[in-house]
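Asker: Questions regarding the structure given below will be posed in turn.
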Amino acid sequence: MTSPRNRPPRLGVHATDDGVEVAVLAPHAEAVELCLLDGQHERRVPLDGPRLGVFWARVPGVRAGQRYGFRAHGPWEPAYGLRYNPAKLLVDPYARGIVGALDYGPATYGHVVDDELQGDPLGAPDPRDSAGLVPHGVVVDTRHLPGPDPAANRPWTPWRDTVVYEAHVKGLTLHHPEVPQEQRGTYLGLAHPAVVDHLLRLGVTAVELLPIHAYATEPHLVAKGLTNYWGYSTLGFFAPHADYATAAARAAGPAAVLDELRTAVHRLHEAGLEVLLDVVYNHTCEGGLPGQHLSWRGLDNAMYYLHDGNIPASLVDVTGTGSALDFRRPEVIRLALDSLRYWAQTVGVDGFRFDLAVTLGRGQQGFTPDHPLLVAAGQDPALHGLKLVAEPWDIGPGGWRTGQFPPPFAEWNDRFRNAVRSFWLADPGRAAHGLPGHRMRDLATRLSGSVDLFGHGTPPLMRSPTASVNFVTAHDGFTMADLVAYDHKHNLANGEQNRDGSDDNRSWNHGAEGPVRTDSPAADVLPLRRRSVRNLFATLVLAAGTPMITAGDEMGRTQGGNNNAYCQDNPTSWVSWDLDEWRRDLLTTASFLVGLRRAHPALRTMTFYSGLPAGDGAAADLAWYTPEGTEFDHGRWHDAALRTFQMSRTTKDGDAVLLVVNGALNPIDVHLAAGDNPWELVWDSVWDNPDDARDSAIHGGLHPAPAEVVTLEPLSLRVYVPRA
């Protein structure tokens, strides 16, 4: 029988009974050393190899908690993509724990730079040692950890019932008054009962966390006194970001950080909440060729990074960061898959959202849905049943690919975002100045599940409307409250003269830019602004598909008009839990709407609509009606002036919901569509709070006559259900 000691080591540094197994991929290197660090002392252990590009060793006497790094020897030929510099200590790409701060001085660069960090990336190698200036890997023994929550104890929320809540670990809880001070802004704070109670009251089923892989701030932000708050700048694909652990855990070391994260995941599971991670495999924190020399660049720059094939070697930037990883390489695919398996099997998360996922699917001829990574992620047993969500674009050629990812991937639907913002905000804003807007057809398509995007496949309609992750806001862009308060971005605090951030916001300030006091002459815009927020939220939650709520939108969070707050680790980005009356009303409204979705299967379809009867003797599964109560014909769909419509959805079990939408700037009389039973009004976006609607006659209003005329206020949305 072959001894386990003869088995090729796994990539990374793994604890054994008598030491560690070490393996690192560096195909073009001539030699690699494992560097064991103890204070100022460094012990270097030459590794064997290479074998198939891997250097390895079994090193006795090394224990969990040991700090380490690698030094890679080889040619310095930057014109050919080879940048070996043994003066630079390198972070293990497979490190389970990472400690230490990153310095931003010249010695952290592989090539010579001056004090202003300027230099020729094709010039001479920098001879200064970087060991004391860069983070270090730490050996974390995961062999005897209790397994993550077993399958029977995980929520496994079906897609049709899923409501995603995108949140930042620190920003969500840092100012929560009921979270203990030492847990605010941490993994444990995320799972504190007060936070969990809020999530359950709102009705969400999954928390999607902005990146929690270990990350580093970019040098240009440090020079401005800013930090990378969002975390889309990965330093380690296996190590949790230590700053999100409590001070006690950070002092105890990476094993304690991992334990706190696993504890938070377990507590969220106990509450019935899934945990999804936003993962950034498309690029790293090392930046473009002039960037720092921290890990992948020093181990094998030519293999890890996407090059253009020219001499001198240049990087292809399809991510906007200059450091796109090359997913034409099997080794890069393996790195991403190994990381996904680790987070699924050791940490126990329930799914992943893939940042700039088109980069992950780029082969020799550009993006393909049959890319090995995408196929493997959908078939890997360790990832089976987990939720996989693609951000279906990058900035490279052919980078917009919404609707083109293979099952089981769901996808962020930017067309939904644009249609909803245009209908409720941009178009009314133009109409207020006498300008034309968009027709209602695009909004109708998005409300009914975006079959034009997600209905393709073999066979057609194999995918479900739930493949469309609907959103109106996300971490990047305006918050929902800012969408109704700002016509223009206000990003001066980012230090880029307001050049950063999107200019395509489709927002509307309703006549006054920015915050408006209740005693201001412009205060009459406040009720309509708040109604617009309710319209946006209701459209998001009640549309066919999978809704994603951005943390704080349910409470009117503002970023002061900043639509790119990636570097604002301050109250601009942190969720405020100090709610005035209108924000409390909004939270009540948001919870009511999510509950309405949960209560009505007609709002949670798993199949695309046919327009045919939902069952024997039943109404059509989807029908559209004009304000006059007649079914839409071809001409009305193309009527640019028509901004009012009714949408009826019915299940085979008889559940039905009627949405009545008025996108006009004036009141509109509507003949309610005929139904099997009289319609009962259950919600109107005119109401500040569904629990205390001001007009009790309307709130309880039954409409016994199928053709009864009701009047919708300007820019409002109503929800009707059949009277029981």
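Convention: chains lettered A, B, ... in structure tokens order; per-chain residue numbering from 1; ligands numbered from 1 as shown.
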What's the 9 Å shell around region 282-297 of chain A, counting only C-alpha atoms, without same-chain residues fewer than 4 positions away, as number ranges by chain?

Answerer: A: 26, 70, 82-85, 88-93, 104, 106, 108-111, 117-122, 134-135, 215-219, 232-236, 301-305, 314-315, 317-319, 321-327, 354-360

Asker: Check the DSSP output for the backbone and give back, as a list in words, the residues of region 235-454 of chain A in strand (DSSP E).

Answerer: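 Strand (DSSP E) members of region 235-454 of chain A, listed: Leu235, Gly236, Phe237, Phe238, Ala239, Pro240, Glu274, Val275, Leu276, Leu277, Asp278, Val279, Gly351, Phe352, Arg353, Phe354, Arg362, Gly363, Gly366, Phe367, Lys387, Leu388, Val389, Ala390, Ala410, Glu411, Trp412 and Asn413 of chain A.
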
Asker: Separation of CA of Lys652 (chain A) and CA of Glu274 (chain A), in Å?

Answerer: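 Going from CA of Lys652 (chain A) over to CA of Glu274 (chain A) covers 29.3 Å.
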
Asker: Env of region 337-339 of chain A: 12 Å cut, atoms = only C-alpha atoms, seq-sep filter 5 positions within chain, self excluded. Answer as a ChimeraX atom specification.

Answerer: /A:10-12,93-96,213,236-240,277,279-281,327,330-332,344-347,352,360,372-383

Asker: Work out how far CA of Ala602 (chain A) is from CA of Thr650 (chain A), in Å to one decimal.

Answerer: 5.5 Å

Asker: Excluding same-chain residues fewer than 6 positions from Leu188 (chain A), what lies within 10 Å of it counting only C-alpha atoms, as a PyMOL selection string?

Answerer: chain A and resi 169+173+179-180+182+244-246+260-265+267

Asker: Could you write out the selected residues, including N, CA, C and O atoms, as a PDB file, in the first residue's frame?

Answerer:
ATOM      1  N   VAL A 169     -19.992  43.728   5.839  1.00  0.00           N
ATOM      2  CA  VAL A 169     -19.882  43.233   7.207  1.00  0.00           C
ATOM      3  C   VAL A 169     -19.705  44.381   8.194  1.00  0.00           C
ATOM      4  O   VAL A 169     -20.397  44.453   9.219  1.00  0.00           O
ATOM      5  N   THR A 173     -23.242  46.872  10.671  1.00  0.00           N
ATOM      6  CA  THR A 173     -23.421  46.766  12.125  1.00  0.00           C
ATOM      7  C   THR A 173     -22.619  47.767  12.944  1.00  0.00           C
ATOM      8  O   THR A 173     -22.787  47.832  14.163  1.00  0.00           O
ATOM      9  N   VAL A 179     -25.929  46.139  19.208  1.00  0.00           N
ATOM     10  CA  VAL A 179     -24.787  45.235  19.079  1.00  0.00           C
ATOM     11  C   VAL A 179     -23.703  45.696  20.047  1.00  0.00           C
ATOM     12  O   VAL A 179     -23.358  46.881  20.078  1.00  0.00           O
ATOM     13  N   PRO A 180     -23.143  44.793  20.868  1.00  0.00           N
ATOM     14  CA  PRO A 180     -22.077  45.199  21.796  1.00  0.00           C
ATOM     15  C   PRO A 180     -20.929  45.882  21.058  1.00  0.00           C
ATOM     16  O   PRO A 180     -20.599  45.526  19.928  1.00  0.00           O
ATOM     17  N   GLU A 182     -17.776  45.753  21.154  1.00  0.00           N
ATOM     18  CA  GLU A 182     -16.663  44.949  20.651  1.00  0.00           C
ATOM     19  C   GLU A 182     -17.036  44.096  19.445  1.00  0.00           C
ATOM     20  O   GLU A 182     -16.168  43.583  18.743  1.00  0.00           O
ATOM     21  N   TYR A 244     -12.399  42.176   9.977  1.00  0.00           N
ATOM     22  CA  TYR A 244     -13.803  41.981  10.312  1.00  0.00           C
ATOM     23  C   TYR A 244     -13.991  41.047  11.506  1.00  0.00           C
ATOM     24  O   TYR A 244     -15.131  40.706  11.834  1.00  0.00           O
ATOM     25  N   ALA A 245     -12.910  40.634  12.135  1.00  0.00           N
ATOM     26  CA  ALA A 245     -12.992  39.858  13.375  1.00  0.00           C
ATOM     27  C   ALA A 245     -12.891  40.811  14.566  1.00  0.00           C
ATOM     28  O   ALA A 245     -12.473  41.966  14.436  1.00  0.00           O
ATOM     29  N   THR A 246     -13.278  40.325  15.736  1.00  0.00           N
ATOM     30  CA  THR A 246     -13.150  41.136  16.947  1.00  0.00           C
ATOM     31  C   THR A 246     -11.675  41.335  17.270  1.00  0.00           C
ATOM     32  O   THR A 246     -10.794  40.604  16.799  1.00  0.00           O
ATOM     33  N   GLU A 260     -14.512  32.738  14.314  1.00  0.00           N
ATOM     34  CA  GLU A 260     -15.596  33.716  14.424  1.00  0.00           C
ATOM     35  C   GLU A 260     -16.445  33.748  13.164  1.00  0.00           C
ATOM     36  O   GLU A 260     -17.676  33.851  13.241  1.00  0.00           O
ATOM     37  N   LEU A 261     -15.797  33.649  12.024  1.00  0.00           N
ATOM     38  CA  LEU A 261     -16.557  33.647  10.776  1.00  0.00           C
ATOM     39  C   LEU A 261     -17.458  32.417  10.706  1.00  0.00           C
ATOM     40  O   LEU A 261     -18.646  32.518  10.358  1.00  0.00           O
ATOM     41  N   ARG A 262     -16.920  31.262  11.020  1.00  0.00           N
ATOM     42  CA  ARG A 262     -17.722  30.038  10.976  1.00  0.00           C
ATOM     43  C   ARG A 262     -18.874  30.109  11.981  1.00  0.00           C
ATOM     44  O   ARG A 262     -19.978  29.635  11.718  1.00  0.00           O
ATOM     45  N   THR A 263     -18.621  30.715  13.125  1.00  0.00           N
ATOM     46  CA  THR A 263     -19.676  30.876  14.121  1.00  0.00           C
ATOM     47  C   THR A 263     -20.795  31.763  13.591  1.00  0.00           C
ATOM     48  O   THR A 263     -21.988  31.466  13.768  1.00  0.00           O
ATOM     49  N   ALA A 264     -20.425  32.843  12.911  1.00  0.00           N
ATOM     50  CA  ALA A 264     -21.436  33.738  12.350  1.00  0.00           C
ATOM     51  C   ALA A 264     -22.274  33.019  11.301  1.00  0.00           C
ATOM     52  O   ALA A 264     -23.508  33.149  11.274  1.00  0.00           O
ATOM     53  N   VAL A 265     -21.631  32.245  10.431  1.00  0.00           N
ATOM     54  CA  VAL A 265     -22.363  31.495   9.412  1.00  0.00           C
ATOM     55  C   VAL A 265     -23.331  30.520  10.073  1.00  0.00           C
ATOM     56  O   VAL A 265     -24.495  30.393   9.675  1.00  0.00           O
ATOM     57  N   ARG A 267     -24.736  30.716  13.061  1.00  0.00           N
ATOM     58  CA  ARG A 267     -25.848  31.415  13.707  1.00  0.00           C
ATOM     59  C   ARG A 267     -26.855  31.924  12.676  1.00  0.00           C
ATOM     60  O   ARG A 267     -28.071  31.897  12.934  1.00  0.00           O
TER      61      ARG A 267
END

Asker: Using only C-alpha atoms, which residue out of A:Ala493, A:Ala255, A:Leu587, A:Val207 lies closest to Cys567 (chain A)?

Answerer: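 Nearest candidate to Cys567 (chain A) out of A:Ala493, A:Ala255, A:Leu587, A:Val207: A:Ala493.
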
Asker: Name the residues in contact with region 536-540 of chain A at a cut-off of 8 Å, using only C-alpha atoms, excluding same-chain residues fewer than 4 positions from it; report them as a list of chain:residue names.

Answerer: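 Neighbouring residues, sequence-local ones excluded: A:Val420, A:Arg421, A:Trp424, A:Leu447, A:Asn470, A:Phe471, A:Val472, A:Met480, A:Ser532, A:Pro547, A:Met548, A:Ala590, A:Leu593.
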
Asker: Could you take the residues named above and write them with N, CA and C atoms, as a PDB file, in the first residue's frame?

Answerer:
ATOM      1  N   VAL A 420     -36.499  49.972 -14.523  1.00  0.00           N
ATOM      2  CA  VAL A 420     -37.247  50.464 -13.364  1.00  0.00           C
ATOM      3  C   VAL A 420     -36.887  51.916 -13.069  1.00  0.00           C
ATOM      4  N   ARG A 421     -35.608  52.227 -13.097  1.00  0.00           N
ATOM      5  CA  ARG A 421     -35.203  53.616 -12.853  1.00  0.00           C
ATOM      6  C   ARG A 421     -35.761  54.543 -13.936  1.00  0.00           C
ATOM      7  N   TRP A 424     -39.780  55.019 -13.449  1.00  0.00           N
ATOM      8  CA  TRP A 424     -40.250  55.739 -12.268  1.00  0.00           C
ATOM      9  C   TRP A 424     -39.533  57.070 -12.036  1.00  0.00           C
ATOM     10  N   LEU A 447     -40.897  43.159 -15.440  1.00  0.00           N
ATOM     11  CA  LEU A 447     -41.841  42.714 -14.411  1.00  0.00           C
ATOM     12  C   LEU A 447     -42.214  41.246 -14.583  1.00  0.00           C
ATOM     13  N   ASN A 470     -32.959  40.482  -9.794  1.00  0.00           N
ATOM     14  CA  ASN A 470     -33.434  41.843 -10.022  1.00  0.00           C
ATOM     15  C   ASN A 470     -32.882  42.782  -8.959  1.00  0.00           C
ATOM     16  N   PHE A 471     -32.442  43.938  -9.398  1.00  0.00           N
ATOM     17  CA  PHE A 471     -31.977  44.943  -8.441  1.00  0.00           C
ATOM     18  C   PHE A 471     -32.224  46.328  -9.019  1.00  0.00           C
ATOM     19  N   VAL A 472     -32.446  47.263  -8.129  1.00  0.00           N
ATOM     20  CA  VAL A 472     -32.562  48.670  -8.504  1.00  0.00           C
ATOM     21  C   VAL A 472     -31.317  49.421  -8.062  1.00  0.00           C
ATOM     22  N   MET A 480     -31.109  53.949  -2.889  1.00  0.00           N
ATOM     23  CA  MET A 480     -32.463  54.205  -3.353  1.00  0.00           C
ATOM     24  C   MET A 480     -32.924  55.607  -2.941  1.00  0.00           C
ATOM     25  N   SER A 532     -41.799  57.841  -4.511  1.00  0.00           N
ATOM     26  CA  SER A 532     -40.957  57.248  -5.546  1.00  0.00           C
ATOM     27  C   SER A 532     -40.097  56.121  -4.986  1.00  0.00           C
ATOM     28  N   PRO A 547     -35.403  39.026  -6.144  1.00  0.00           N
ATOM     29  CA  PRO A 547     -35.068  40.398  -5.762  1.00  0.00           C
ATOM     30  C   PRO A 547     -33.825  40.471  -4.887  1.00  0.00           C
ATOM     31  N   MET A 548     -33.032  41.513  -5.103  1.00  0.00           N
ATOM     32  CA  MET A 548     -31.879  41.794  -4.244  1.00  0.00           C
ATOM     33  C   MET A 548     -32.018  43.198  -3.684  1.00  0.00           C
ATOM     34  N   ALA A 590     -41.432  48.270   3.552  1.00  0.00           N
ATOM     35  CA  ALA A 590     -40.576  47.266   2.923  1.00  0.00           C
ATOM     36  C   ALA A 590     -40.885  45.875   3.456  1.00  0.00           C
ATOM     37  N   LEU A 593     -44.174  44.624   1.994  1.00  0.00           N
ATOM     38  CA  LEU A 593     -44.092  44.218   0.594  1.00  0.00           C
ATOM     39  C   LEU A 593     -43.396  42.868   0.435  1.00  0.00           C
TER      40      LEU A 593
END

Asker: Skip His136 (chain A) itself and residues of its chain fewer than 3 positions away, then list as a list in words all residues within 7 Å of it, counting only C-alpha atoms.

Answerer: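 That gives Arg67, Tyr68, Gly69, Val91, Ile98, Val99 and Gly100 of chain A.
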
Asker: Could you work out how far CA of Pro27 (chain A) lies from CA of Asp126 (chain A), giving the answer in Å with one decimal?

Answerer: 22.1 Å

Asker: Using only C-alpha atoms for the distances, tell me which of A:Asp688, A:Glu270, A:Asp141, A:Asp621 is nearest to Thr16 (chain A).

Answerer: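 Among A:Asp688, A:Glu270, A:Asp141, A:Asp621, it is A:Asp141 that comes nearest to Thr16 (chain A).
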
Asker: As an NGL selection string, please: every residue in region 382-627 of chain A that a backbone DSSP assignment puts in helix (DSSP H, G or I).

Answerer: :A and (382-383 or 414-431 or 441-447 or 451-454 or 465-467 or 480-483 or 492-494 or 523-542 or 553-555 or 565-567 or 581-599 or 601-603)

Asker: For those residues, write C-alpha atoms to a file as a short mmCIF file (atom, residue, chain, number, x, y, z; two decimals), in the first residue's frame.

Answerer:
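That gives us again_28.cif:
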data_model
loop_
_atom_site.label_atom_id
_atom_site.label_comp_id
_atom_site.auth_asym_id
_atom_site.auth_seq_id
_atom_site.Cartn_x
_atom_site.Cartn_y
_atom_site.Cartn_z
CA ALA A 382 -18.63 20.29 -3.44
CA LEU A 383 -20.66 23.13 -4.93
CA ASP A 414 -28.86 45.36 -15.20
CA ARG A 415 -31.66 45.71 -17.75
CA PHE A 416 -34.13 45.40 -14.86
CA ARG A 417 -32.33 48.16 -12.96
CA ASN A 418 -32.31 50.47 -15.96
CA ALA A 419 -35.95 49.86 -16.89
CA VAL A 420 -37.25 50.46 -13.36
CA ARG A 421 -35.20 53.62 -12.85
CA SER A 422 -36.19 54.95 -16.27
CA PHE A 423 -39.91 54.35 -15.78
CA TRP A 424 -40.25 55.74 -12.27
CA LEU A 425 -37.55 58.44 -12.27
CA ALA A 426 -35.78 59.41 -15.49
CA ASP A 427 -38.90 59.49 -17.66
CA PRO A 428 -41.04 61.52 -15.21
CA GLY A 429 -38.11 63.88 -14.76
CA ARG A 430 -37.98 64.42 -18.51
CA ALA A 431 -41.76 64.68 -18.73
CA ARG A 441 -42.83 47.79 -22.87
CA ASP A 442 -39.38 47.36 -21.31
CA LEU A 443 -40.74 47.66 -17.78
CA ALA A 444 -43.46 45.11 -18.61
CA THR A 445 -40.79 42.67 -19.85
CA ARG A 446 -38.78 43.09 -16.66
CA LEU A 447 -41.84 42.71 -14.41
CA VAL A 451 -37.78 36.13 -20.86
CA ASP A 452 -35.93 37.95 -23.65
CA LEU A 453 -32.72 37.53 -21.65
CA PHE A 454 -33.21 34.32 -19.71
CA PRO A 465 -37.37 33.82 -14.13
CA THR A 466 -35.48 33.27 -10.87
CA ALA A 467 -32.27 33.25 -12.93
CA MET A 480 -32.46 54.21 -3.35
CA ALA A 481 -32.95 57.35 -1.29
CA ASP A 482 -30.29 59.16 -3.31
CA LEU A 483 -31.88 58.11 -6.61
CA LEU A 492 -15.55 64.87 -4.77
CA ALA A 493 -14.65 63.10 -1.52
CA ASN A 494 -13.16 60.29 -3.60
CA ALA A 523 -40.33 70.75 1.19
CA ASP A 524 -43.27 69.97 -1.09
CA VAL A 525 -41.01 67.56 -3.02
CA LEU A 526 -40.55 65.30 0.02
CA PRO A 527 -43.85 63.37 -0.18
CA LEU A 528 -43.31 62.59 -3.86
CA ARG A 529 -39.68 61.60 -3.26
CA ARG A 530 -40.81 59.15 -0.60
CA ARG A 531 -43.56 57.79 -2.82
CA SER A 532 -40.96 57.25 -5.55
CA VAL A 533 -38.84 55.20 -3.14
CA ARG A 534 -41.89 53.08 -2.36
CA ASN A 535 -42.57 52.65 -6.10
CA LEU A 536 -39.00 51.47 -6.68
CA PHE A 537 -39.05 49.08 -3.75
CA ALA A 538 -42.43 47.61 -4.66
CA THR A 539 -41.44 47.09 -8.29
CA LEU A 540 -38.28 45.32 -7.15
CA VAL A 541 -40.01 42.99 -4.71
CA LEU A 542 -43.15 42.23 -6.69
CA ASP A 553 -32.44 50.94 1.31
CA GLU A 554 -35.27 49.65 3.46
CA MET A 555 -34.45 52.47 5.90
CA ALA A 565 -18.32 55.10 -2.29
CA TYR A 566 -15.74 52.32 -2.62
CA CYS A 567 -13.17 54.34 -0.67
CA GLU A 581 -40.60 58.77 11.28
CA TRP A 582 -40.45 58.47 7.48
CA ARG A 583 -37.60 55.94 7.66
CA ARG A 584 -39.53 53.87 10.21
CA ASP A 585 -42.53 54.02 7.89
CA LEU A 586 -40.37 52.92 4.98
CA LEU A 587 -39.05 49.94 6.94
CA THR A 588 -42.61 48.93 7.76
CA THR A 589 -43.56 49.30 4.10
CA ALA A 590 -40.58 47.27 2.92
CA SER A 591 -41.36 44.46 5.36
CA PHE A 592 -45.00 44.48 4.28
CA LEU A 593 -44.09 44.22 0.59
CA VAL A 594 -41.65 41.35 1.13
CA GLY A 595 -44.34 39.63 3.21
CA LEU A 596 -46.84 40.16 0.40
CA ARG A 597 -44.45 38.47 -1.99
CA ARG A 598 -44.01 35.58 0.43
CA ALA A 599 -47.79 35.17 0.87
CA PRO A 601 -47.28 32.28 -5.11
CA ALA A 602 -48.48 34.37 -8.04
CA LEU A 603 -45.59 36.74 -7.28
#

Asker: Excluding region 616-620 of chain A and any residue of its chain fewer than 3 positions from it, enumerate the residues within 12 Å of it, using only C-alpha atoms, and give them as JSON, numbers by chain.

Answerer: {"A": [602, 609, 610, 611, 612, 613, 623, 624, 631, 647, 648, 649, 650, 651, 652, 653, 654, 655, 656, 657, 673, 674, 675, 676, 677]}

Asker: Select, from A:Pro150, A:Pro392, A:Pro571, A:Pro46, the residue with the minimum atom-to-atom distance to Leu172 (chain A), counting only C-alpha atoms.

Answerer: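 For Leu172 (chain A), the nearest of the given residues is A:Pro571.
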